[in-house]
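Engineer: final.txt is reproduced in full below (compact mmCIF, C-alpha atoms and all ligand atoms).
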```
# COMPACT_ATOMS: atom_id res chain seq x y z
CA MET A 270 -20.53 -13.40 5.28
CA ASN A 271 -21.02 -9.69 5.68
CA LYS A 272 -20.31 -9.93 9.34
CA GLN A 273 -17.03 -11.59 8.60
CA ILE A 274 -16.06 -8.86 6.19
CA THR A 275 -16.74 -6.18 8.76
CA MET A 276 -14.66 -8.07 11.25
CA HIS A 277 -11.69 -8.23 8.93
CA LYS A 278 -12.05 -4.59 8.09
CA LEU A 279 -11.68 -3.74 11.71
CA PHE A 280 -8.58 -5.76 12.40
CA VAL A 281 -6.49 -2.68 12.36
CA VAL A 282 -7.87 0.68 13.31
CA ILE A 283 -6.29 3.97 13.95
CA LEU A 284 -7.53 5.03 17.34
CA MET A 285 -8.03 8.72 16.96
CA LEU A 286 -7.44 10.05 20.40
CA ALA A 287 -9.45 13.18 20.90
CA LEU A 288 -7.10 14.95 23.19
CA THR A 289 -7.29 18.63 23.90
CA SER A 290 -4.67 20.69 25.55
CA ALA A 291 -4.55 24.33 26.47
CA ALA A 292 -0.95 24.46 25.24
CA TYR A 293 -2.12 24.04 21.65
CA SER A 294 -4.18 27.01 20.67
CA SER A 295 -4.71 26.35 16.97
CA GLU A 296 -6.92 23.59 15.60
CA TRP A 297 -6.04 20.47 13.63
CA VAL A 298 -7.08 20.86 10.01
CA VAL A 299 -8.80 17.80 8.56
CA ARG A 300 -9.41 16.90 4.88
CA ASP A 301 -10.91 13.85 3.18
CA ALA A 302 -11.04 13.06 -0.52
CA GLU A 303 -11.69 10.11 -2.83
CA ILE A 304 -8.57 9.68 -4.97
CA MET A 305 -6.76 6.69 -6.51
CA GLY A 306 -9.84 4.57 -5.90
CA THR A 307 -9.49 5.05 -2.19
CA THR A 308 -10.10 7.46 0.68
CA VAL A 309 -7.41 9.98 1.39
CA HIS A 310 -7.43 11.42 4.88
CA THR A 311 -5.15 14.03 6.37
CA GLU A 312 -4.90 15.89 9.66
CA VAL A 313 -2.45 18.75 9.90
CA TRP A 314 -1.37 20.96 12.75
CA HIS A 315 0.63 24.16 12.66
CA GLN A 316 0.66 27.02 15.11
CA ASP A 317 -0.32 29.25 12.20
CA GLU A 318 -3.58 27.62 11.17
CA SER A 319 -3.51 29.17 7.70
CA ILE A 320 -0.34 27.18 6.98
CA ALA A 321 -2.07 24.01 8.16
CA GLN A 322 -4.95 24.78 5.78
CA GLN A 323 -2.56 25.33 2.90
CA VAL A 324 -0.67 22.11 3.63
CA ALA A 325 -3.88 20.08 3.91
CA ASP A 326 -4.80 21.29 0.40
CA LEU A 327 -1.29 20.46 -0.78
CA VAL A 328 -1.62 16.89 0.53
CA ILE A 329 -4.80 16.36 -1.48
CA GLN A 330 -3.24 17.97 -4.56
CA THR A 331 -0.19 15.71 -4.23
CA MET A 332 -2.42 12.62 -4.26
CA HIS A 333 -4.15 13.88 -7.41
CA GLU A 334 -0.79 14.52 -9.06
CA VAL A 335 0.56 11.04 -8.34
CA ASN A 336 -2.69 9.52 -9.53
CA GLN A 337 -2.51 11.47 -12.79
CA SER A 338 0.97 10.17 -13.48
CA MET A 339 0.84 6.61 -12.08
CA SER A 340 -2.71 5.38 -12.61
CA PRO A 341 -2.99 2.63 -15.22
CA TYR A 342 -6.66 3.61 -15.68
CA ILE A 343 -5.93 7.12 -16.94
CA GLU A 344 -5.01 6.83 -20.61
CA THR A 345 -2.77 9.88 -20.57
CA SER A 346 -0.87 8.94 -17.40
CA GLU A 347 2.84 8.46 -17.72
CA LEU A 348 2.44 4.86 -16.61
CA SER A 349 -0.12 4.20 -19.38
CA LEU A 350 2.30 5.60 -21.94
CA VAL A 351 5.02 3.32 -20.61
CA ASN A 352 2.67 0.34 -20.79
CA LYS A 353 1.79 1.24 -24.35
CA ASN A 354 5.25 2.06 -25.69
CA ALA A 355 8.03 0.47 -23.63
CA VAL A 356 7.82 -2.74 -25.63
CA SER A 357 8.85 -1.15 -28.88
CA GLU A 358 11.15 1.64 -27.70
CA VAL A 359 13.51 2.64 -24.93
CA LEU A 360 11.44 5.28 -23.14
CA PRO A 361 12.73 8.17 -21.05
CA VAL A 362 10.65 8.59 -17.87
CA THR A 363 10.36 11.22 -15.13
CA ASP A 364 12.56 10.88 -12.06
CA GLU A 365 9.44 10.16 -9.96
CA LEU A 366 8.21 7.24 -12.03
CA TYR A 367 11.75 5.94 -12.38
CA ALA A 368 12.25 6.02 -8.60
CA VAL A 369 9.02 4.15 -7.88
CA ILE A 370 9.64 1.43 -10.47
CA ASP A 371 13.24 1.11 -9.31
CA ARG A 372 12.07 0.64 -5.70
CA ALA A 373 9.47 -1.87 -6.86
CA LEU A 374 12.23 -3.89 -8.55
CA HIS A 375 14.25 -3.72 -5.34
CA TYR A 376 11.37 -5.47 -3.53
CA SER A 377 10.97 -7.97 -6.38
CA GLN A 378 14.59 -8.98 -5.95
CA MET A 379 14.27 -9.09 -2.16
CA THR A 380 11.16 -11.30 -2.30
CA ASN A 381 12.25 -13.44 -5.20
CA GLY A 382 9.37 -12.14 -7.28
CA ALA A 383 6.55 -12.30 -4.73
CA PHE A 384 6.26 -8.55 -5.16
CA ASP A 385 6.12 -7.93 -8.88
CA VAL A 386 4.47 -4.96 -10.57
CA THR A 387 4.24 -6.94 -13.82
CA PHE A 388 1.52 -9.07 -12.16
CA ALA A 389 -0.71 -6.66 -14.10
CA SER A 390 -0.82 -8.66 -17.34
CA VAL A 391 -2.70 -11.32 -15.37
CA GLY A 392 -4.24 -8.86 -12.91
CA TYR A 393 -6.28 -7.05 -15.54
CA LEU A 394 -8.12 -10.28 -16.37
CA TYR A 395 -9.92 -10.01 -13.02
CA ASP A 396 -12.93 -7.79 -12.47
CA TYR A 397 -13.71 -7.95 -8.78
CA ARG A 398 -16.78 -5.73 -8.95
CA ASN A 399 -18.44 -8.00 -11.50
CA ALA A 400 -17.06 -11.27 -10.08
CA VAL A 401 -15.11 -12.03 -13.26
CA ARG A 402 -12.00 -14.18 -13.17
CA PRO A 403 -9.79 -15.67 -15.90
CA THR A 404 -9.75 -19.35 -16.87
CA LYS A 405 -6.64 -21.41 -16.22
CA SER A 406 -5.59 -21.14 -19.86
CA ASP A 407 -6.10 -17.33 -19.90
CA ILE A 408 -3.81 -17.18 -16.90
CA GLN A 409 -1.19 -19.43 -18.49
CA GLN A 410 -1.10 -17.25 -21.58
CA GLN A 411 -0.68 -14.01 -19.68
CA LEU A 412 1.79 -15.39 -17.13
CA GLU A 413 4.43 -15.16 -19.86
CA GLY A 414 4.43 -11.42 -19.33
CA VAL A 415 4.67 -11.64 -15.54
CA ASN A 416 8.28 -11.32 -14.54
CA TYR A 417 10.01 -8.25 -13.15
CA LYS A 418 13.15 -9.31 -15.02
CA HIS A 419 11.39 -8.29 -18.25
CA ILE A 420 11.73 -4.65 -17.10
CA VAL A 421 15.00 -2.99 -18.05
CA LEU A 422 15.87 0.28 -16.34
CA ASP A 423 18.83 2.44 -17.29
CA ALA A 424 19.89 4.48 -14.27
CA ASN A 425 22.08 6.90 -16.23
CA ARG A 426 19.64 7.69 -18.97
CA LYS A 427 16.53 7.24 -16.75
CA THR A 428 14.84 5.05 -19.33
CA ILE A 429 12.66 1.99 -19.27
CA ARG A 430 12.14 -0.83 -21.71
CA PHE A 431 10.12 -4.06 -21.64
CA LYS A 432 11.90 -7.17 -22.95
CA GLN A 433 8.67 -9.10 -23.50
CA PRO A 434 5.61 -7.89 -25.44
CA GLN A 435 2.97 -8.90 -22.85
CA VAL A 436 4.49 -6.93 -19.97
CA ARG A 437 2.21 -4.42 -18.24
CA ILE A 438 2.95 -2.57 -15.02
CA ASP A 439 0.52 -1.70 -12.22
CA LEU A 440 1.87 0.24 -9.25
CA GLY A 441 -1.14 -0.36 -6.96
CA GLY A 442 1.09 -2.08 -4.40
CA ILE A 443 3.54 0.81 -3.97
CA ALA A 444 2.30 4.12 -5.45
CA LYS A 445 -0.03 5.07 -2.61
CA GLY A 446 2.84 4.76 -0.17
CA TYR A 447 4.99 6.88 -2.48
CA ALA A 448 2.24 9.52 -2.65
CA VAL A 449 1.94 9.59 1.15
CA ASP A 450 5.71 10.07 1.52
CA LEU A 451 5.72 12.84 -1.08
CA ALA A 452 2.86 14.61 0.72
CA ILE A 453 4.72 14.34 4.02
CA SER A 454 7.95 15.74 2.61
CA ARG A 455 6.10 18.65 1.01
CA ALA A 456 4.42 19.33 4.36
CA GLN A 457 7.83 19.37 6.04
CA GLU A 458 9.05 21.91 3.49
CA HIS A 459 6.25 24.16 4.74
CA GLY A 460 7.42 23.81 8.33
CA VAL A 461 4.76 21.31 9.42
CA GLU A 462 5.95 18.95 12.15
CA ARG A 463 2.67 17.31 13.10
CA ILE A 464 0.71 15.59 10.38
CA PHE A 465 -1.23 12.42 9.64
CA VAL A 466 -1.68 11.32 6.01
CA SER A 467 -3.41 8.15 4.86
CA ALA A 468 -4.39 6.84 1.45
CA GLY A 469 -6.47 3.70 1.90
CA GLY A 470 -4.28 1.25 3.79
CA ASP A 471 -1.15 3.39 3.74
CA THR A 472 -0.49 5.89 6.50
CA ARG A 473 2.36 8.04 7.72
CA ILE A 474 2.57 10.10 10.84
CA LEU A 475 4.94 12.93 11.65
CA GLY A 476 5.22 14.11 15.22
CA ASP A 477 2.79 13.48 18.04
CA ARG A 478 -0.75 14.43 18.76
CA GLU A 479 -0.57 17.15 21.34
CA GLY A 480 2.08 15.58 23.51
CA ARG A 481 0.83 12.00 23.07
CA PRO A 482 1.66 9.52 20.32
CA TRP A 483 -0.93 8.47 17.80
CA VAL A 484 -2.09 4.98 18.74
CA ILE A 485 -3.13 2.16 16.45
CA GLY A 486 -5.23 -0.66 17.78
CA ILE A 487 -5.10 -4.24 16.52
CA ARG A 488 -8.44 -5.99 16.86
CA HIS A 489 -8.79 -9.63 17.73
CA PRO A 490 -9.48 -11.56 14.50
CA LEU A 491 -12.53 -13.30 15.92
CA ASP A 492 -13.80 -10.73 18.37
CA ARG A 493 -13.87 -7.26 16.96
CA GLU A 494 -14.86 -5.72 20.26
CA LYS A 495 -11.49 -6.74 21.63
CA VAL A 496 -8.43 -4.59 20.94
CA ILE A 497 -5.57 -6.95 21.66
CA ALA A 498 -2.67 -4.61 21.04
CA LYS A 499 -2.18 -0.88 21.06
CA ILE A 500 0.85 0.45 19.28
CA PRO A 501 1.97 4.01 19.88
CA LEU A 502 3.29 5.72 16.77
CA VAL A 503 5.39 8.83 16.33
CA ASN A 504 7.25 9.49 13.08
CA GLU A 505 6.28 6.21 11.50
CA ALA A 506 4.57 4.72 8.48
CA LEU A 507 2.05 1.92 8.55
CA SER A 508 0.49 -0.10 5.73
CA THR A 509 -2.13 -2.81 5.74
CA SER A 510 -2.92 -5.25 2.96
CA GLY A 511 -6.03 -7.39 3.32
CA ASP A 512 -8.06 -9.87 1.31
CA TYR A 513 -11.22 -7.90 2.10
CA GLU A 514 -10.42 -4.76 0.12
CA ARG A 515 -11.36 -5.79 -3.42
CA TYR A 516 -12.72 -9.30 -3.84
CA PHE A 517 -15.54 -11.66 -4.60
CA ASP A 518 -16.25 -15.12 -3.21
CA GLU A 519 -17.08 -18.06 -5.45
CA ASP A 520 -17.76 -21.59 -4.18
CA GLY A 521 -16.15 -20.73 -0.87
CA VAL A 522 -12.98 -19.42 -2.53
CA ARG A 523 -11.97 -15.80 -2.27
CA TYR A 524 -10.69 -14.04 -5.37
CA HIS A 525 -9.06 -10.79 -4.36
CA HIS A 526 -6.70 -8.11 -5.60
CA ILE A 527 -3.34 -9.40 -4.34
CA ILE A 528 -1.99 -11.81 -6.94
CA ASP A 529 0.71 -14.43 -6.52
CA PRO A 530 2.85 -13.76 -9.61
CA LYS A 531 3.91 -17.41 -9.74
CA THR A 532 0.35 -18.71 -10.23
CA GLY A 533 -1.69 -15.73 -11.41
CA ASP A 534 -4.23 -16.64 -8.72
CA SER A 535 -5.00 -14.63 -5.56
CA ALA A 536 -2.54 -15.16 -2.70
CA ARG A 537 -4.28 -17.10 0.06
CA LYS A 538 -1.73 -17.83 2.78
CA VAL A 539 -2.87 -14.94 4.98
CA HIS A 540 -5.86 -12.65 5.53
CA SER A 541 -4.09 -9.47 6.45
CA VAL A 542 -0.65 -7.95 6.91
CA THR A 543 0.26 -4.72 8.67
CA ILE A 544 3.78 -3.33 8.34
CA LEU A 545 5.40 -0.60 10.41
CA GLY A 546 8.49 1.26 9.24
CA PRO A 547 10.00 4.67 8.55
CA THR A 548 8.50 5.40 5.11
CA ALA A 549 5.16 4.59 3.49
CA MET A 550 6.55 3.54 0.11
CA ASP A 551 8.47 0.78 1.86
CA THR A 552 5.69 -0.30 4.23
CA ASP A 553 3.28 -0.31 1.27
CA ALA A 554 5.48 -2.56 -0.87
CA LEU A 555 6.29 -4.76 2.12
CA SER A 556 2.67 -5.28 3.18
CA THR A 557 1.87 -6.57 -0.32
CA SER A 558 5.12 -8.58 -0.40
CA VAL A 559 4.52 -10.30 2.94
CA PHE A 560 0.91 -10.95 1.96
CA VAL A 561 2.10 -12.99 -1.03
CA LEU A 562 4.96 -14.68 0.85
CA GLY A 563 2.72 -15.86 3.69
CA ALA A 564 3.39 -15.92 7.43
CA ARG A 565 6.51 -18.07 7.66
CA GLU A 566 8.53 -16.57 4.83
CA GLY A 567 7.05 -13.13 5.49
CA LEU A 568 8.18 -13.07 9.12
CA GLU A 569 11.60 -14.31 8.09
CA LEU A 570 11.86 -11.38 5.69
CA LEU A 571 10.70 -8.88 8.32
CA GLU A 572 13.26 -10.15 10.84
CA SER A 573 16.01 -9.52 8.31
CA LEU A 574 15.04 -5.86 7.84
CA GLU A 575 16.22 -3.10 10.15
CA GLY A 576 13.48 -0.82 11.51
CA ILE A 577 10.61 -2.84 10.06
CA GLU A 578 7.97 -4.68 12.10
CA GLY A 579 4.84 -6.51 11.11
CA ILE A 580 1.59 -8.07 12.25
CA ILE A 581 0.11 -10.93 10.27
CA ILE A 582 -3.27 -12.60 10.51
CA ASP A 583 -2.86 -15.91 8.76
CA ASN A 584 -5.54 -17.94 6.99
CA GLU A 585 -6.42 -19.73 10.23
CA ALA A 586 -6.96 -16.41 12.02
CA ASN A 587 -3.74 -16.72 14.04
CA LEU A 588 -2.21 -13.43 15.00
CA LEU A 589 1.57 -13.27 14.50
CA PHE A 590 3.93 -10.46 15.47
CA SER A 591 7.51 -9.79 14.39
CA SER A 592 10.02 -9.89 17.25
CA GLY A 593 10.09 -6.12 17.86
CA LEU A 594 6.38 -6.17 18.66
CA GLN A 595 6.31 -9.23 20.91
CA ASN A 596 6.17 -7.13 24.05
CA ILE A 597 3.29 -4.98 22.96
CA GLU A 598 0.58 -4.93 25.64
P1 LIG B 601 -1.95 -3.23 -1.18
O1 LIG B 601 -3.36 -2.95 -0.85
O2 LIG B 601 -0.99 -2.16 -0.90
O3 LIG B 601 -1.49 -4.55 -0.68
O4 LIG B 601 -1.85 -3.35 -2.75
C1 LIG B 601 -2.66 -4.20 -3.49
C2 LIG B 601 -2.46 -3.79 -4.88
O5 LIG B 601 -1.14 -4.15 -5.29
C3 LIG B 601 -3.38 -4.46 -5.84
O6 LIG B 601 -4.60 -3.76 -5.99
C4 LIG B 601 -2.56 -4.46 -7.11
O7 LIG B 601 -2.68 -3.21 -7.74
C5 LIG B 601 -1.15 -4.58 -6.62
N1 LIG B 601 -0.65 -5.98 -6.59
C6 LIG B 601 -1.35 -7.13 -6.53
N2 LIG B 601 -0.55 -8.21 -6.47
C7 LIG B 601 0.73 -7.72 -6.51
C8 LIG B 601 2.02 -8.33 -6.48
N3 LIG B 601 2.18 -9.65 -6.39
N4 LIG B 601 3.09 -7.52 -6.54
C9 LIG B 601 2.96 -6.17 -6.62
N5 LIG B 601 1.78 -5.55 -6.64
C10 LIG B 601 0.67 -6.31 -6.58
MG MG B 602 0.84 -2.48 0.22
```
Do you think you could lay out the structure here as C-alpha cells?
Ligand code: AMP
Ligand code: MG
Structural biologist:
Amino acid sequence: MNKQITMHKLFVVILMLALTSAAYSSEWVVRDAEIMGTTVHTEVWHQDESIAQQVADLVIQTMHEVNQSMSPYIETSELSLVNKNAVSEVLPVTDELYAVIDRALHYSQMTNGAFDVTFASVGYLYDYRNAVRPTKSDIQQQLEGVNYKHIVLDANRKTIRFKQPQVRIDLGGIAKGYAVDLAISRAQEHGVERIFVSAGGDTRILGDREGRPWVIGIRHPLDREKVIAKIPLVNEALSTSGDYERYFDEDGVRYHHIIDPKTGDSARKVHSVTILGPTAMDTDALSTSVFVLGAREGLELLESLEGIEGIIIDNEANLLFSSGLQNIE
C-alpha cells in the first residue's frame, strides 16, 4: 500500500531545473515554511538580492496572514466568527474574505454544487488522522446544512448570512490558491518579475528561470520512473488535488478529504486532477471541482473554460488530458 501512495504522490512533480547562467549574477532566494497544514515553498529572484530576501519573507508572512483570517481551526479567525455568527445575524466581512467566498460561490454555480464550501458541516465529521468517519445517519443529518445556496452575500454592504442553522464554511479548496495569488501580487508590487510560490498543491510562477521556463513533469500512474509529459510553464498557476493527501483506507475503500457534497462521502471517480491556468485561486477551486465531477464531466467543464487546461488520472489509472495539452510530448 505504501508503495502505491508514493507512486500517486509523484504523479506530478515540479522539475526544478538547476540552470546557471553568467548573465544572472544574483542568487535565487529560497524559503520553506509549514503553514495552513501544508508546506509553503518560494523561490524569488531579483537583481538586488536584498529585495528578493525581503519578498521571500513577505510571501511567508502573507501565507500566515491568510491562515489567520481563513482557517476554520483558529477560533479567532474571521472565518470562525462567520461560522459562529452568520446564522443569527447579517455579518459584515472584510473585502478579502468576501472576495474568496464570492469566488467559491461562482464555482459552485458553475459546477452545479460539486464545489461547495458548505461541505464542511459533513466534512468535520471525518478525522483522517484517526481513521474516523461518520455513519450514514450522521451524514444524512448534516447534509441538510450542505448547500451553497444557504449562503447569502450582499455585494453592496459586503455582508454574509447563513439561511440554515447547520451551515459551516471551510475554504480548504480555494484559500491556498488565493494566498498564493496574493503573495505573487505583493511580490510584483516590489518589482519582482521572477518568482515561484507554492502552498501544498497550489503553485504559481511568474517569469522564467534564467531564460528557460519552469517545467513540470507528469509521471506515469503505474511507473513512477517514467515522466510521460513535460509541460513548460511561464506566468502560470498550477493546482493538484489528489486522494492521497489526507486519507485512510478501510476495507479497501479510501476515505479522503475531498467530499462529494451530494452524498457526504469522499469523491471516488478519479485519483488526481491537475489544473493549469492564469491564477492560483481559480486553478485551486477547479482542481477540487473537477475531482468531484469526475473525468467525463470534468473534462467537459475544462473545455468550456478559456485559458484553462487539465490532466486527470481517473480511478482506473487512465491519464486524460484536456485538448490544449494533447500535443504535449
Ligand atoms: P484541494 O487539495 O485543493 O483539492 O482541496 C481539498 C480541500 O478542499 C479539502 O481539504 C477541504 O478543505 C476542501 N473540500 C473538500 N471537498 C470540497 C468540495 N466538494 N467543495 C469545496 N471544497 C471542498
Ligand atoms: Mg484545489
Engineer: Set the distance at 8 Å and use only C-alpha atoms: which residues neighbour Ala321 (chain A) once local chain neighbours fewer than 4 positions away are removed? I'd like the list as number ranges by chain.
Structural biologist: A: 297-298, 313-315, 317, 325, 461
Engineer: Please indicate the distance in Å from CA of Tyr447 (chain A) to CA of Ala549 (chain A), rounded to one decimal place.
Structural biologist: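 CA of Ala549 (chain A) lies at a distance of 6.4 Å from CA of Tyr447 (chain A).
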Engineer: Residues within 7 Å of ligand MG 602 (chain B) should be enumerated using only C-alpha atoms and all ligand atoms and returned as a VMD selection string.
Structural biologist: chain A and resid 442 to 443 508 to 510 552 to 557
Engineer: Could you pull the residues within 10 Å of Arg537 (chain A), counting all atoms listed in the file, minus those fewer than 5 positions along the same chain, as an mmCIF file with C-alpha atoms, in the coordinates of the input?
Structural biologist:
```
data_model
loop_
_atom_site.group_PDB
_atom_site.id
_atom_site.type_symbol
_atom_site.label_atom_id
_atom_site.label_comp_id
_atom_site.auth_asym_id
_atom_site.auth_seq_id
_atom_site.Cartn_x
_atom_site.Cartn_y
_atom_site.Cartn_z
ATOM 1 C CA ASP A 512 -8.060 -9.870 1.310
ATOM 2 C CA VAL A 522 -12.980 -19.420 -2.530
ATOM 3 C CA ARG A 523 -11.970 -15.800 -2.270
ATOM 4 C CA TYR A 524 -10.690 -14.040 -5.370
ATOM 5 C CA HIS A 525 -9.060 -10.790 -4.360
ATOM 6 C CA ILE A 527 -3.340 -9.400 -4.340
ATOM 7 C CA ILE A 528 -1.990 -11.810 -6.940
ATOM 8 C CA ASP A 529 0.710 -14.430 -6.520
ATOM 9 C CA PHE A 560 0.910 -10.950 1.960
ATOM 10 C CA VAL A 561 2.100 -12.990 -1.030
ATOM 11 C CA LEU A 562 4.960 -14.680 0.850
ATOM 12 C CA GLY A 563 2.720 -15.860 3.690
ATOM 13 C CA ASP A 583 -2.860 -15.910 8.760
ATOM 14 C CA ASN A 584 -5.540 -17.940 6.990
#
```
Engineer: Using all atoms listed in the file, tabulate the residues of region 405-441 of chain A lying at most 10 Å from any atom of region 378-391 of chain A, each with its closest atom pair and that distance in Å to one decimal, by chain and increasing residue number, as JSON lines.
Structural biologist:
```
{"residue": "A:Asp407", "atom": "CA", "partner": "A:Val391", "partner_atom": "CA", "distance": 8.3}
{"residue": "A:Ile408", "atom": "CA", "partner": "A:Val391", "partner_atom": "CA", "distance": 6.2}
{"residue": "A:Gln409", "atom": "CA", "partner": "A:Val391", "partner_atom": "CA", "distance": 8.8}
{"residue": "A:Gln410", "atom": "CA", "partner": "A:Val391", "partner_atom": "CA", "distance": 8.7}
{"residue": "A:Gln411", "atom": "CA", "partner": "A:Val391", "partner_atom": "CA", "distance": 5.5}
{"residue": "A:Leu412", "atom": "CA", "partner": "A:Val391", "partner_atom": "CA", "distance": 6.3}
{"residue": "A:Glu413", "atom": "CA", "partner": "A:Ser390", "partner_atom": "CA", "distance": 8.7}
{"residue": "A:Gly414", "atom": "CA", "partner": "A:Ser390", "partner_atom": "CA", "distance": 6.3}
{"residue": "A:Val415", "atom": "CA", "partner": "A:Thr387", "partner_atom": "CA", "distance": 5.0}
{"residue": "A:Asn416", "atom": "CA", "partner": "A:Thr387", "partner_atom": "CA", "distance": 6.0}
{"residue": "A:Tyr417", "atom": "CA", "partner": "A:Asp385", "partner_atom": "CA", "distance": 5.8}
{"residue": "A:Lys418", "atom": "CA", "partner": "A:Gly382", "partner_atom": "CA", "distance": 9.1}
{"residue": "A:His419", "atom": "CA", "partner": "A:Thr387", "partner_atom": "CA", "distance": 8.5}
{"residue": "A:Ile420", "atom": "CA", "partner": "A:Thr387", "partner_atom": "CA", "distance": 8.5}
{"residue": "A:Gln435", "atom": "CA", "partner": "A:Ser390", "partner_atom": "CA", "distance": 6.7}
{"residue": "A:Val436", "atom": "CA", "partner": "A:Thr387", "partner_atom": "CA", "distance": 6.2}
{"residue": "A:Arg437", "atom": "CA", "partner": "A:Ser390", "partner_atom": "CA", "distance": 5.3}
{"residue": "A:Ile438", "atom": "CA", "partner": "A:Thr387", "partner_atom": "CA", "distance": 4.7}
{"residue": "A:Asp439", "atom": "CA", "partner": "A:Val386", "partner_atom": "CA", "distance": 5.4}
{"residue": "A:Leu440", "atom": "CA", "partner": "A:Val386", "partner_atom": "CA", "distance": 6.0}
{"residue": "A:Gly441", "atom": "CA", "partner": "A:Val386", "partner_atom": "CA", "distance": 8.1}
```
Engineer: Out of A:Ala564, A:Leu348, A:Met550, A:Leu570, which residue has the shortest atom-to-atom distance to ligand LIG 601 (chain B) when counting only C-alpha atoms and all ligand atoms?
Structural biologist: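 Ranked by minimum distance to ligand LIG 601 (chain B), first place goes to A:Met550.
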Engineer: With distances taken over only C-alpha atoms, which residue among A:Gln316, A:Asn399, A:Thr428, A:Ser535 lies nearest Glu365 (chain A)?
Structural biologist: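 Looking at the shortest contact to Glu365 (chain A), the residue is A:Thr428.
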Engineer: So which residues fall inside 6 Å of (1.8, 9.6, 20.5) if we count only C-alpha atoms? Mind giving them as a list of chain:residue names?
Structural biologist: A:Asp477, A:Arg478, A:Arg481, A:Pro482, A:Trp483, A:Pro501, A:Leu502, A:Val503
Engineer: Between A:Val539, A:Ala468, A:Leu451, A:Val496, which has the minimum distance to Thr308 (chain A) (counting only C-alpha atoms)?
Structural biologist: A:Ala468
